[in-house]
Every structure is written in C-alpha cells, then in structure tokens.
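Student: Quick one: structure below, then a few questions.
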Amino acid sequence: MLSLPEYTHALRDRFTADGYLPLPALMPPELLTVIDSEVRRLEKLSARRDFAMECTDHSPRHMTTLGGHVIAQESVLIPQLYRDEHLLGLLGRIAGFRAVAVSDPLERHVINSLHEQGDTHGAHTDDYPLALVLFIEAPADPSHGGLLEYVPHIADLASLRTDKVHRAHHRTGDGYLLRSDTTAHRVTPLRHAGLRRTVLNFAYTTPDRQRAVTPSASQLY
C-alpha cells in the first residue's frame, strides 16, 4: 500500500516544530497507477466550486471537488487506504496523540482538483487536527503554481500575507502531513492553462473531537 516511513523521533520533532511533514514518494508507482485510475473514474461525479468565503477573509475557492460520502459509495480502495491501521498508528505517533477516523462521511476523504488557469484553494484552517494529502497530479515546476503555503502554529489567516509564510512544492506521488487546525494554509493559483493539481485529502481527528465547527466540506469546497 502506501510507502510509509519508519517512525523516528526526528519525524515527530519536525512535525511538532513546523506543523508540516513532507512524505516524498508516499505512493509507490504501482499504487499511484491504481489510485490515478480510480480518481479519474470518480471525476465525473465531482462538482465545480467557484466562490469566495466570507468566513475566511473572502478567500477564493476555484476548484473541482468530490466529497467523502460519494467516494465511500463508489470506491473500495480509497476508504481502505484511509482506514489502514498501520497508517493511523504512524500518524498518531508523529502527531503525539491518538489519531482516529472522522465520523462525518463527507469530511473523511475528499478529492480536490485544480485544473484551470487561476484555480486555487484559498486561505483556511480545518476543523480537524490532521490532514494527510496525497498527490495524484502536481505541476512539475514550482513556478507553475499549486504550491502549499502555510504558517506554522498560527491560525490567523492574515499571517499568510506576511514574511512568516513557508512554501512547499510537491511532486506526483508525494504526500504531506499537516497540523491543519492550527496552521493557516492555502494553495497558490495555477499559473498556466493545461496544468493540473489533483489530491486526495484524508482528515483525521481525536476520539473526543468529532464535531465540525465551520461549514462542511460540501460548502467550503
């Protein structure tokens, strides 16, 4: 399945310090081929979202998404990956708390696709503490956009307009783990036509934190 790293204190220390942990080549080529085929099959069920969220400082959403409830009905592979016990155990050790599946089927696993020039996933934080993001497609050149921008340990979205911003470029097959509730983050716009950034977003939480406090993924995405 996923090519997970062995747990080390260094992984936990980096995640604690940055609120972000890159996971290069998380999907080996044979798994990536299967997931890519699965995501392309599901794309026909996706919905286009084009709006700015007032609750997130008028941050724009220009993207195509598919919620977890539909994915659960149409796919066996993606929910299986999401609930992998070894994965959950590793994420919990890195994060320093017990990681569990999100009870809301809509929020568990979402496909987000940027595929038009200017597509972006604007500034936000998430309801749940952990986001594991898997890259099905990504621009090869950082100058093409689709970069993750984040500010460690600051949930204030205005911080993304300061020099505190960190930027990360990822390649197809990569992944990353984000402390997504306390880390302001966004995805920069695609700069040219013909580019694509398609990810699977896996949300995880703790046993005592299952209630979302902001609009659901169907509204945000």
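Ordered as shown in the structure tokens, chains take letters A, B, and onward, while each chain numbers its residues from 1 and ligands are numbered from 1 in the order shown.
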When DSSP is applied to the backbone of this structure, which of chain A are assigned helix (DSSP H, G or I)? Write them out as a count of residues only.

Tutor: 70

Student: Per residue of stretch 103-170 of chain A within 12 Å of stretch 70-78 of chain A, record the nearest atom pair and its distance in Å to one decimal, counting only C-alpha atoms, with rows in chain order and ascending residue number, as JSON lines.

Tutor:
{"residue": "A:Asp104", "atom": "CA", "partner": "A:Ala72", "partner_atom": "CA", "distance": 11.4}
{"residue": "A:Pro105", "atom": "CA", "partner": "A:Ala72", "partner_atom": "CA", "distance": 7.7}
{"residue": "A:Leu106", "atom": "CA", "partner": "A:Val70", "partner_atom": "CA", "distance": 7.8}
{"residue": "A:Glu107", "atom": "CA", "partner": "A:Ile71", "partner_atom": "CA", "distance": 10.6}
{"residue": "A:Arg108", "atom": "CA", "partner": "A:Ala72", "partner_atom": "CA", "distance": 9.3}
{"residue": "A:His109", "atom": "CA", "partner": "A:Ile71", "partner_atom": "CA", "distance": 7.6}
{"residue": "A:Val110", "atom": "CA", "partner": "A:Ile71", "partner_atom": "CA", "distance": 7.7}
{"residue": "A:Ile111", "atom": "CA", "partner": "A:Ile71", "partner_atom": "CA", "distance": 8.5}
{"residue": "A:Leu134", "atom": "CA", "partner": "A:Ile78", "partner_atom": "CA", "distance": 11.2}

Student: To one decimal place in Å, what is the distance between atom CA of A:Pro22 and atom CA of A:Gly175?

Tutor: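 Separation of atom CA of A:Pro22 and atom CA of A:Gly175: 6.3 Å.
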
Student: Set the distance at 10 Å and use only C-alpha atoms: which residues neighbour A:Thr16 once local chain neighbours fewer than 3 positions away are removed? I'd like the list as a list in words.

Tutor: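 Counting only the stated atoms, we get Ala10, Leu11, Arg12, Asp13, Gly19, Tyr20, Leu21, Ile94, Ala95, Gly96, Pro152, His153 and Arg179 of chain A.
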
Student: Have a look at A:Ser37, A:Ser59, A:Gln80, A:Ser113 and name the one nearest to A:Ala138; count only C-alpha atoms.

Tutor: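 Smallest distance to A:Ala138 is found for A:Ser113.
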
Student: To one decimal in Å, tell me the separation between atom CA of A:Leu195 and atom CA of A:Gly173.

Tutor: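 The value is 16.1 Å.
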
Student: Using only C-alpha atoms, which residue out of A:Leu178, A:Leu26, A:Ile35, A:Val187 lies closest to A:Gly122?

Tutor: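 Selected residue with least distance to A:Gly122: A:Val187.
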
Student: Could you state the separation of atom CA of A:Met1 and atom CA of A:Leu32 in Å, given to one decimal place?

Tutor: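 Separating atom CA of A:Met1 from atom CA of A:Leu32 is a distance of 9.6 Å.
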
Student: Which is closer to A:Thr8 than all the others in A:Phe51, A:Arg83, A:Ala193, A:Arg93, using only C-alpha atoms?

Tutor: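 Of A:Phe51, A:Arg83, A:Ala193, A:Arg93, the one nearest A:Thr8, counting only C-alpha atoms, is A:Arg93.
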
Student: Pick out the residues sitting within 10 Å of A:His62, and hand them over as a PyMOL selection string; count only C-alpha atoms, and ignore anything fewer than 6 positions along from it in its own chain.

Tutor: chain A and resi 48-52+113-122+189+221

Student: Quick one: of A:Leu31, A:Leu130, A:Leu190, A:Ala168, who's nearest to A:Gly145, counting only C-alpha atoms?

Tutor: A:Leu190

Student: Near A:His144, counting only C-alpha atoms, which residues have an atom at most 7 Å away, once you skip same-chain residues fewer than 4 positions from it, shown as a VMD selection string?

Tutor: chain A and resid 139 190 to 192

Student: Output all heavy atoms for every residue in the selection just made, as a compact mmCIF listing (two decimals), in the first residue's frame.

Tutor:
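The resulting file, result_5.txt, is reproduced below:
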# COMPACT_ATOMS: atom_id res chain seq x y z
N PRO A 139 1.89 20.07 -10.64
CA PRO A 139 2.79 20.74 -11.57
C PRO A 139 4.24 20.39 -11.27
O PRO A 139 4.66 20.39 -10.11
CB PRO A 139 2.51 22.22 -11.31
CG PRO A 139 1.13 22.27 -10.73
CD PRO A 139 1.02 21.01 -9.92
N LEU A 190 -2.88 28.09 -10.01
CA LEU A 190 -2.20 27.57 -11.18
C LEU A 190 -1.96 28.72 -12.16
O LEU A 190 -2.87 29.50 -12.45
CB LEU A 190 -3.03 26.49 -11.86
CG LEU A 190 -3.31 25.23 -11.04
CD1 LEU A 190 -4.13 24.24 -11.87
CD2 LEU A 190 -2.02 24.57 -10.55
N ARG A 191 -0.76 28.80 -12.69
CA ARG A 191 -0.39 30.00 -13.45
C ARG A 191 -0.58 29.86 -14.96
O ARG A 191 -0.51 30.86 -15.67
CB ARG A 191 1.07 30.35 -13.15
CG ARG A 191 1.31 30.64 -11.68
CD ARG A 191 2.68 31.21 -11.43
NE ARG A 191 2.85 32.50 -12.10
CZ ARG A 191 3.98 33.19 -12.09
NH1 ARG A 191 5.05 32.68 -11.47
NH2 ARG A 191 4.08 34.35 -12.70
N HIS A 192 -0.83 28.64 -15.43
CA HIS A 192 -0.98 28.45 -16.87
C HIS A 192 -2.09 27.46 -17.16
O HIS A 192 -2.41 26.59 -16.35
CB HIS A 192 0.33 27.93 -17.49
CG HIS A 192 1.53 28.77 -17.19
ND1 HIS A 192 1.69 30.03 -17.71
CD2 HIS A 192 2.61 28.53 -16.42
CE1 HIS A 192 2.83 30.54 -17.27
NE2 HIS A 192 3.40 29.65 -16.48
